[in-house]
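A.B. asks: Below are the structure tokens for one structure; questions will follow.
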Amino acid sequence: MRVPYFLITMLIIILSVSGCTQDDLDQSDSSLYTLNNTNNSPIVSENSTTIKRTDSDSPNVEVRGKCYKVVDGDTIDVEGIGRIRFVGVNTPERGESGYLSAKNFVKNKCLGKMVGLDIDDDKNKDKYRRTLAVVYVDGVNLNQELLKKGYAEVMYIPPSEFNPYRWT
């Protein structure tokens with residue numbers, strides 16, 4: 001008598017789980033892009049926006065979203081995309097000289113604004129699963145601006161489609 005109840009219960013569980021859609025799953029930033037993406041195009045959540053070039057955008061912008069948090073001078077959080085690491089640059093860490101200046105520069109430039117991202121096609125995630133990208137605000141390459149204004153140093157880690165030495 002217990003076997004039919006067990007089978008019915010299992011059937012209900014299986015059917016309810018199989019009805020789960022991708023939208024029901026937690027889509028943290030680690031699930032948005034794959035490291036071994038064979039066609040070199042990012043897999044983007046439906047909350048991000050694929051954009052076409054406008055006068056204020058770089059022709060290389062692939063996606064864009066609103067910056068809702070500045071973690072430090074080279075890391076931000078973007079709605080619908082996740083944690084973004086500015087590729088090719090390195091700013092001072094917490095407790096180091098220049099940390100607040102770099103972080104405040106990025107806050108002033110992009111916090112609460114729409115940012116465009118050119119995601120590194122050769123390696124789109126770092127070891128912490130952050131998306132590696134060039135960040136554009138109002139058509140300006142913010143990675144390059146960090147270098148030009150002295151808030152960051154070049155940090156080139158191959159493979160990368162970007163050569164930050166050309167930005168200095």
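By order in the structure tokens, chains are A, B, ...; within a chain, residues start at 1; ligands start at 1, following the order shown.
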A:Leu117: which residues within 6 Å, counting only C-alpha atoms, same-chain residues fewer than 3 positions away excluded, as a ChimeraX atom specification?

C.D. replies: /A:61-64,133-135

A.B. asks: Write the selection just made, keeping N, CA, C and O atoms, as an mmCIF file, in the first residue's frame?

C.D. replies:
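Full text of part.cif as output:
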```cif
data_model
loop_
_atom_site.group_PDB
_atom_site.id
_atom_site.type_symbol
_atom_site.label_atom_id
_atom_site.label_comp_id
_atom_site.auth_asym_id
_atom_site.auth_seq_id
_atom_site.Cartn_x
_atom_site.Cartn_y
_atom_site.Cartn_z
ATOM 1 N N VAL A 61 30.566 47.986 -28.286
ATOM 2 C CA VAL A 61 29.709 47.661 -27.145
ATOM 3 C C VAL A 61 28.798 46.499 -27.519
ATOM 4 O O VAL A 61 28.114 46.525 -28.527
ATOM 5 N N GLU A 62 28.828 45.455 -26.675
ATOM 6 C CA GLU A 62 28.018 44.267 -26.917
ATOM 7 C C GLU A 62 26.736 44.269 -26.098
ATOM 8 O O GLU A 62 25.694 43.828 -26.574
ATOM 9 N N VAL A 63 26.837 44.685 -24.860
ATOM 10 C CA VAL A 63 25.685 44.733 -23.959
ATOM 11 C C VAL A 63 25.792 45.981 -23.096
ATOM 12 O O VAL A 63 26.851 46.592 -22.995
ATOM 13 N N ARG A 64 24.681 46.315 -22.489
ATOM 14 C CA ARG A 64 24.742 47.408 -21.544
ATOM 15 C C ARG A 64 23.724 47.214 -20.449
ATOM 16 O O ARG A 64 22.748 46.496 -20.598
ATOM 17 N N ALA A 133 35.801 43.040 -19.146
ATOM 18 C CA ALA A 133 35.271 43.906 -20.206
ATOM 19 C C ALA A 133 35.905 45.291 -20.180
ATOM 20 O O ALA A 133 36.421 45.743 -19.152
ATOM 21 N N VAL A 134 35.819 45.938 -21.325
ATOM 22 C CA VAL A 134 36.076 47.372 -21.402
ATOM 23 C C VAL A 134 34.740 48.034 -21.106
ATOM 24 O O VAL A 134 33.712 47.651 -21.659
ATOM 25 N N VAL A 135 34.751 49.015 -20.218
ATOM 26 C CA VAL A 135 33.529 49.689 -19.787
ATOM 27 C C VAL A 135 33.459 51.055 -20.452
ATOM 28 O O VAL A 135 34.411 51.838 -20.378
#
```

A.B. asks: So which residues touch A:Arg94 within 12 Å, counting only C-alpha atoms, skipping near sequence neighbours fewer than 6 positions away, as a PyMOL selection string?

C.D. replies: chain A and resi 71-74+100-103

A.B. asks: Include N, CA, C and O atoms and write out the residues we just selected as an mmCIF file, in the first residue's frame.

C.D. replies:
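Dumped everything to result16.cif:
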```cif
data_model
loop_
_atom_site.group_PDB
_atom_site.id
_atom_site.type_symbol
_atom_site.label_atom_id
_atom_site.label_comp_id
_atom_site.auth_asym_id
_atom_site.auth_seq_id
_atom_site.Cartn_x
_atom_site.Cartn_y
_atom_site.Cartn_z
ATOM 1 N N VAL A 71 32.457 48.464 -6.662
ATOM 2 C CA VAL A 71 33.147 47.655 -5.662
ATOM 3 C C VAL A 71 34.486 48.293 -5.318
ATOM 4 O O VAL A 71 34.842 48.456 -4.160
ATOM 5 N N ASP A 72 35.235 48.662 -6.342
ATOM 6 C CA ASP A 72 36.507 49.365 -6.189
ATOM 7 C C ASP A 72 36.822 50.046 -7.514
ATOM 8 O O ASP A 72 35.938 50.165 -8.364
ATOM 9 N N GLY A 73 38.047 50.461 -7.706
ATOM 10 C CA GLY A 73 38.394 51.218 -8.897
ATOM 11 C C GLY A 73 38.370 50.441 -10.196
ATOM 12 O O GLY A 73 38.381 51.043 -11.275
ATOM 13 N N ASP A 74 38.351 49.122 -10.130
ATOM 14 C CA ASP A 74 38.326 48.341 -11.365
ATOM 15 C C ASP A 74 37.269 47.239 -11.372
ATOM 16 O O ASP A 74 37.327 46.314 -12.180
ATOM 17 N N LEU A 100 40.869 55.029 -2.676
ATOM 18 C CA LEU A 100 39.649 55.854 -2.644
ATOM 19 C C LEU A 100 39.544 56.765 -3.858
ATOM 20 O O LEU A 100 38.452 56.972 -4.384
ATOM 21 N N SER A 101 40.666 57.295 -4.307
ATOM 22 C CA SER A 101 40.632 58.168 -5.488
ATOM 23 C C SER A 101 40.135 57.414 -6.711
ATOM 24 O O SER A 101 39.295 57.915 -7.461
ATOM 25 N N ALA A 102 40.655 56.208 -6.915
ATOM 26 C CA ALA A 102 40.240 55.397 -8.067
ATOM 27 C C ALA A 102 38.774 54.999 -7.943
ATOM 28 O O ALA A 102 38.001 55.110 -8.908
ATOM 29 N N LYS A 103 38.372 54.556 -6.760
ATOM 30 C CA LYS A 103 36.988 54.141 -6.555
ATOM 31 C C LYS A 103 36.037 55.322 -6.758
ATOM 32 O O LYS A 103 34.998 55.191 -7.415
#
```

A.B. asks: Within 6 Å of A:Gly65, counting only C-alpha atoms, which residues qualify if same-chain residues fewer than 6 places away don't, as a PDB file with N, CA and C atoms, in the first residue's frame?

C.D. replies:
```pdb
ATOM      1  N   SER A  48      19.777  41.950 -19.496  1.00  0.00           N
ATOM      2  CA  SER A  48      20.716  42.874 -20.105  1.00  0.00           C
ATOM      3  C   SER A  48      20.179  43.270 -21.476  1.00  0.00           C
ATOM      4  N   VAL A  78      26.711  45.410 -12.535  1.00  0.00           N
ATOM      5  CA  VAL A  78      25.818  45.932 -13.560  1.00  0.00           C
ATOM      6  C   VAL A  78      24.553  45.081 -13.599  1.00  0.00           C
ATOM      7  N   GLU A  79      23.408  45.756 -13.542  1.00  0.00           N
ATOM      8  CA  GLU A  79      22.115  45.066 -13.568  1.00  0.00           C
ATOM      9  C   GLU A  79      22.002  44.169 -14.787  1.00  0.00           C
ATOM     10  N   MET A 114      23.840  54.115 -17.240  1.00  0.00           N
ATOM     11  CA  MET A 114      23.945  53.005 -18.177  1.00  0.00           C
ATOM     12  C   MET A 114      25.389  52.924 -18.653  1.00  0.00           C
ATOM     13  N   VAL A 115      25.950  51.731 -18.602  1.00  0.00           N
ATOM     14  CA  VAL A 115      27.309  51.521 -19.079  1.00  0.00           C
ATOM     15  C   VAL A 115      27.263  50.512 -20.218  1.00  0.00           C
TER      16      VAL A 115
END
```

A.B. asks: Pick the closest to A:Arg166 from A:Tyr128, A:Gln144, A:Tyr136, A:Ala152: which is it, counting only C-alpha atoms?

C.D. replies: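 The shortest atom-to-atom distance to A:Arg166 comes from A:Gln144.
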
A.B. asks: Using only C-alpha atoms, which residues sit within 7 Å of A:Glu153 once same-chain residues fewer than 3 positions away are excluded, as a PDB file with C-alpha atoms, in the first residue's frame?

C.D. replies:
```pdb
ATOM      1  CA  VAL A  89      43.925  47.711 -15.804  1.00  0.00           C
ATOM      2  CA  ASN A  90      44.645  47.392 -12.108  1.00  0.00           C
ATOM      3  CA  THR A  91      43.761  49.964  -9.454  1.00  0.00           C
ATOM      4  CA  LEU A 147      45.178  54.773 -17.069  1.00  0.00           C
TER       5      LEU A 147
END
```

A.B. asks: I need the helix (DSSP H, G or I) residues of stretch 119-155 of chain A per DSSP on the backbone, written as a list in words.

C.D. replies: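 For stretch 119-155 of chain A, the helix (DSSP H, G or I) set is Leu142, Asn143, Gln144, Glu145, Leu146, Leu147 and Lys148 of chain A.
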
A.B. asks: For the residues in the current selection, export N, CA and C atoms as a PDB file, in the first residue's frame.

C.D. replies:
```pdb
ATOM      1  N   LEU A 142      36.305  53.819 -20.187  1.00  0.00           N
ATOM      2  CA  LEU A 142      36.662  54.119 -18.804  1.00  0.00           C
ATOM      3  C   LEU A 142      37.957  53.414 -18.395  1.00  0.00           C
ATOM      4  N   ASN A 143      38.248  52.245 -18.948  1.00  0.00           N
ATOM      5  CA  ASN A 143      39.514  51.564 -18.670  1.00  0.00           C
ATOM      6  C   ASN A 143      40.675  52.466 -19.073  1.00  0.00           C
ATOM      7  N   GLN A 144      40.565  53.035 -20.257  1.00  0.00           N
ATOM      8  CA  GLN A 144      41.603  53.925 -20.774  1.00  0.00           C
ATOM      9  C   GLN A 144      41.710  55.196 -19.930  1.00  0.00           C
ATOM     10  N   GLU A 145      40.586  55.737 -19.511  1.00  0.00           N
ATOM     11  CA  GLU A 145      40.587  56.949 -18.689  1.00  0.00           C
ATOM     12  C   GLU A 145      41.272  56.710 -17.345  1.00  0.00           C
ATOM     13  N   LEU A 146      41.063  55.541 -16.747  1.00  0.00           N
ATOM     14  CA  LEU A 146      41.737  55.208 -15.488  1.00  0.00           C
ATOM     15  C   LEU A 146      43.254  55.251 -15.663  1.00  0.00           C
ATOM     16  N   LEU A 147      43.743  54.745 -16.792  1.00  0.00           N
ATOM     17  CA  LEU A 147      45.178  54.773 -17.069  1.00  0.00           C
ATOM     18  C   LEU A 147      45.673  56.186 -17.324  1.00  0.00           C
ATOM     19  N   LYS A 148      44.977  56.917 -18.191  1.00  0.00           N
ATOM     20  CA  LYS A 148      45.404  58.270 -18.563  1.00  0.00           C
ATOM     21  C   LYS A 148      45.445  59.220 -17.372  1.00  0.00           C
TER      22      LYS A 148
END
```

A.B. asks: For A:Asp77, work out the shell of residues within 6 Å, counting only C-alpha atoms and skipping chain neighbours fewer than 3 positions away, then give it as a list in words.

C.D. replies: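 The contact residues come out as Cys67, Tyr68, Lys69, Gly82, Arg83 and Ile84 of chain A.
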
A.B. asks: Selection from above, N, CA and C atoms, as a tab-separated table (two decimals), in the first residue's frame, can you write it?

C.D. replies:
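And here's part.tsv as it stands now:
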```tsv
chain	number	residue	atom	x	y	z
A	67	CYS	N	24.83	50.53	-13.92
A	67	CYS	CA	25.79	50.26	-12.85
A	67	CYS	C	25.10	50.60	-11.53
A	68	TYR	N	24.96	49.59	-10.66
A	68	TYR	CA	24.28	49.82	-9.38
A	68	TYR	C	25.23	49.75	-8.19
A	69	LYS	N	26.48	49.33	-8.43
A	69	LYS	CA	27.45	49.28	-7.33
A	69	LYS	C	28.86	49.42	-7.88
A	82	GLY	N	25.94	41.33	-13.99
A	82	GLY	CA	26.68	40.84	-12.83
A	82	GLY	C	27.92	41.65	-12.56
A	83	ARG	N	28.90	40.99	-11.96
A	83	ARG	CA	30.14	41.66	-11.57
A	83	ARG	C	31.06	41.78	-12.77
A	84	ILE	N	31.55	43.00	-12.98
A	84	ILE	CA	32.41	43.31	-14.12
A	84	ILE	C	33.78	43.72	-13.61
```

A.B. asks: Have a look at atom CA of A:Lys123 and atom CA of A:Glu96 and let me know their distance in Å, one decimal.

C.D. replies: 27.8 Å

A.B. asks: Between A:Leu111, A:Val106, A:Leu132, A:Val87, which one has atoms that come closest to A:Trp167, using only C-alpha atoms?

C.D. replies: A:Val87

A.B. asks: Looking at only C-alpha atoms, which of A:Pro159, A:Gly95, A:Gly150, A:Gly112 is the one that sits closest to A:Lys125?

C.D. replies: A:Pro159
